[in-house]
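Here the structure is laid out as structure tokens; the discussion comes afterwards.
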Amino acid sequence: MSSSPLASVLFVCVHNAGRSQMAAGFLSHLAGDRIEVRSAGSVPGDQVNPSAVEAMKEVGVDIADAEPKILTTEAVQASDYVITMGCGDACPVFPGKKYLDWALEDPAGKGVDAVRPIRDAIKTRIEALIAEIDAKQEA
């Protein structure tokens, strides 16, 4: 028996190539089908940051097939949580959504050593987000 997701989450950063892809990868990996996951960028890059792909692979999460996507109004409207990561004013705001802004260093142009602490910070926030969503469902 399949149940519908508890919530849907959209991760947004400028290039949709690093932070938002790592966050989406962690949320899919840790929550499975319980939470619907989207990611997008205001100015999507050509490919996911190879250092981000490598850093995620080290912790057993494969984002190698992910592709940067353009942020659409529809994606925001379809999401319960919109988590921005430095996209500034490019993120559309709609009533009734929960907006979180995660101030995370941009991994663009950095090697795997510099991306690991960003990855770890994202994982900590994802675990807290899952706990919040689960708690809301139980309330």
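In the structure tokens, the first chain shown is A, the next is B, and so on; residue numbers restart at 1 for each chain, and ligands run from 1 in the order shown.
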
Query raised in the report: Which residues in segment 10-118 of chain A does DSSP call strand (DSSP E or B)? List them as a ChimeraX atom specification.
Result: /A:10-13,35-41,70,81-84,98-101

Can those selected residues be exported to a file as a compact mmCIF listing (two decimals), in the first residue's frame so that it contains C-alpha atoms?
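Once written, again.txt looks like this:
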# COMPACT_ATOMS: atom_id res chain seq x y z
CA LEU A 10 11.77 22.54 -2.68
CA PHE A 11 15.45 23.46 -2.34
CA VAL A 12 16.53 26.57 -4.22
CA CYS A 13 19.98 28.04 -4.86
CA ILE A 35 8.71 13.39 1.61
CA GLU A 36 8.49 14.68 -1.96
CA VAL A 37 11.72 16.41 -2.98
CA ARG A 38 12.40 19.05 -5.63
CA SER A 39 15.35 21.32 -6.31
CA ALA A 40 15.84 24.23 -8.68
CA GLY A 41 17.98 27.28 -9.38
CA ILE A 70 15.24 26.26 -13.63
CA TYR A 81 8.48 23.95 2.36
CA VAL A 82 10.69 26.25 0.28
CA ILE A 83 14.28 26.27 1.46
CA THR A 84 16.47 28.92 -0.10
CA LYS A 98 7.00 27.60 5.06
CA TYR A 99 10.13 29.47 3.96
CA LEU A 100 13.52 28.73 5.45
CA ASP A 101 16.75 30.40 4.39

Skip segment 109-114 of chain A itself and residues of its chain fewer than 5 positions away, then list as a PDB file with all heavy atoms, in the first residue's frame all residues within 8 Å of it, counting only C-alpha atoms.
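Result saved to out_9.pdb:
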ATOM      1  N   SER A  51      32.603  18.281  -7.325  1.00  0.00           N
ATOM      2  CA  SER A  51      33.042  18.150  -5.929  1.00  0.00           C
ATOM      3  C   SER A  51      31.868  17.789  -5.023  1.00  0.00           C
ATOM      4  O   SER A  51      32.022  17.024  -4.067  1.00  0.00           O
ATOM      5  CB  SER A  51      33.698  19.444  -5.438  1.00  0.00           C
ATOM      6  OG  SER A  51      34.883  19.693  -6.163  1.00  0.00           O
ATOM      7  N   ALA A  52      30.686  18.334  -5.323  1.00  0.00           N
ATOM      8  CA  ALA A  52      29.490  17.996  -4.555  1.00  0.00           C
ATOM      9  C   ALA A  52      29.125  16.533  -4.790  1.00  0.00           C
ATOM     10  O   ALA A  52      28.790  15.804  -3.853  1.00  0.00           O
ATOM     11  CB  ALA A  52      28.323  18.909  -4.937  1.00  0.00           C
ATOM     12  N   GLU A  54      31.143  14.093  -5.613  1.00  0.00           N
ATOM     13  CA  GLU A  54      32.156  13.277  -4.939  1.00  0.00           C
ATOM     14  C   GLU A  54      31.949  13.275  -3.426  1.00  0.00           C
ATOM     15  O   GLU A  54      32.006  12.224  -2.777  1.00  0.00           O
ATOM     16  CB  GLU A  54      33.556  13.799  -5.288  1.00  0.00           C
ATOM     17  CG  GLU A  54      34.686  12.960  -4.728  1.00  0.00           C
ATOM     18  CD  GLU A  54      34.680  11.511  -5.229  1.00  0.00           C
ATOM     19  OE1 GLU A  54      34.304  11.272  -6.388  1.00  0.00           O
ATOM     20  OE2 GLU A  54      35.048  10.624  -4.441  1.00  0.00           O
ATOM     21  N   ALA A  55      31.690  14.448  -2.840  1.00  0.00           N
ATOM     22  CA  ALA A  55      31.487  14.545  -1.389  1.00  0.00           C
ATOM     23  C   ALA A  55      30.266  13.734  -0.957  1.00  0.00           C
ATOM     24  O   ALA A  55      30.288  13.086   0.091  1.00  0.00           O
ATOM     25  CB  ALA A  55      31.330  16.013  -0.974  1.00  0.00           C
TER      26      ALA A  55
END

Requested in this report: Show which residues sit within 12 Å of Arg119 of chain A, as a list of chain:residue names. Count only C-alpha atoms, and ignore same-chain residues fewer than 6 positions away.
Outcome: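 The neighbour list is A:Gly18, A:Arg19, A:Ser20, A:Gln21, A:Met22, A:Ala23, A:Ala24, A:Gly25, A:Phe26, A:Ser51, A:Ala52, A:Val53, A:Glu54, A:Ala55, A:Met56, A:Lys57, A:Glu58, A:Val59, A:Val61, A:Leu104, A:Glu105, A:Asp106, A:Pro107, A:Val112, A:Asp113, A:Arg125, A:Ile126.
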
Query - Å distance separating atom CA of Lys123 of chain A from atom CA of Ala17 of chain A, one decimal place - result: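 Value for the atom CA of Lys123 of chain A-atom CA of Ala17 of chain A distance: 16.5 Å.
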
Query raised in the report: By how many Å are atom CA of Arg116 of chain A and atom CA of Ile130 of chain A apart?
Result: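 Computed distance, atom CA of Arg116 of chain A to atom CA of Ile130 of chain A, equals 21.0 Å.
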
Query raised in the report: Can you tell me how far atom CA of Gly32 of chain A sits from atom CA of Leu71 of chain A, in Å to one decimal?
Result: 23.0 Å

Report summary line: Using only C-alpha atoms, the best pick from A:Ser28, A:Ser42, A:Gln137, A:Asn16 as closest to Pro68 of chain A would be A:Asn16

Query raised in the report: Residues of segment 11-87 of chain A in alpha helix (DSSP H) according to DSSP, as a PyMOL selection string?
Result: chain A and resi 19-31+50-57+73-77

Report task. Have a look at A:Ile63, A:Ala31, A:Ala75, A:Ala121 and name the one nearest to Lys97 of chain A; count only C-alpha atoms. Result ->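 Smallest separation from Lys97 of chain A among the options: A:Ala75.
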
Query raised in the report: With only C-alpha atoms as the basis for distance, which of A:Ala78, A:Ala135, A:Ala64, A:Leu129 is at the shortest distance from Leu30 of chain A?
Result: A:Leu129

**Report entry** Selected residue of minimal separation from Asp134 of chain A among A:His29, A:Arg34, A:Asp62, A:Gln77, counting only C-alpha atoms
**Finding:**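 Closest to Asp134 of chain A of all the choices is A:Arg34.
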
Query raised in the report: Between A:Asp33, A:Asp80, A:Asp120, A:Glu132, which has the minimum distance to Val9 of chain A (counting only C-alpha atoms)?
Result: A:Asp80
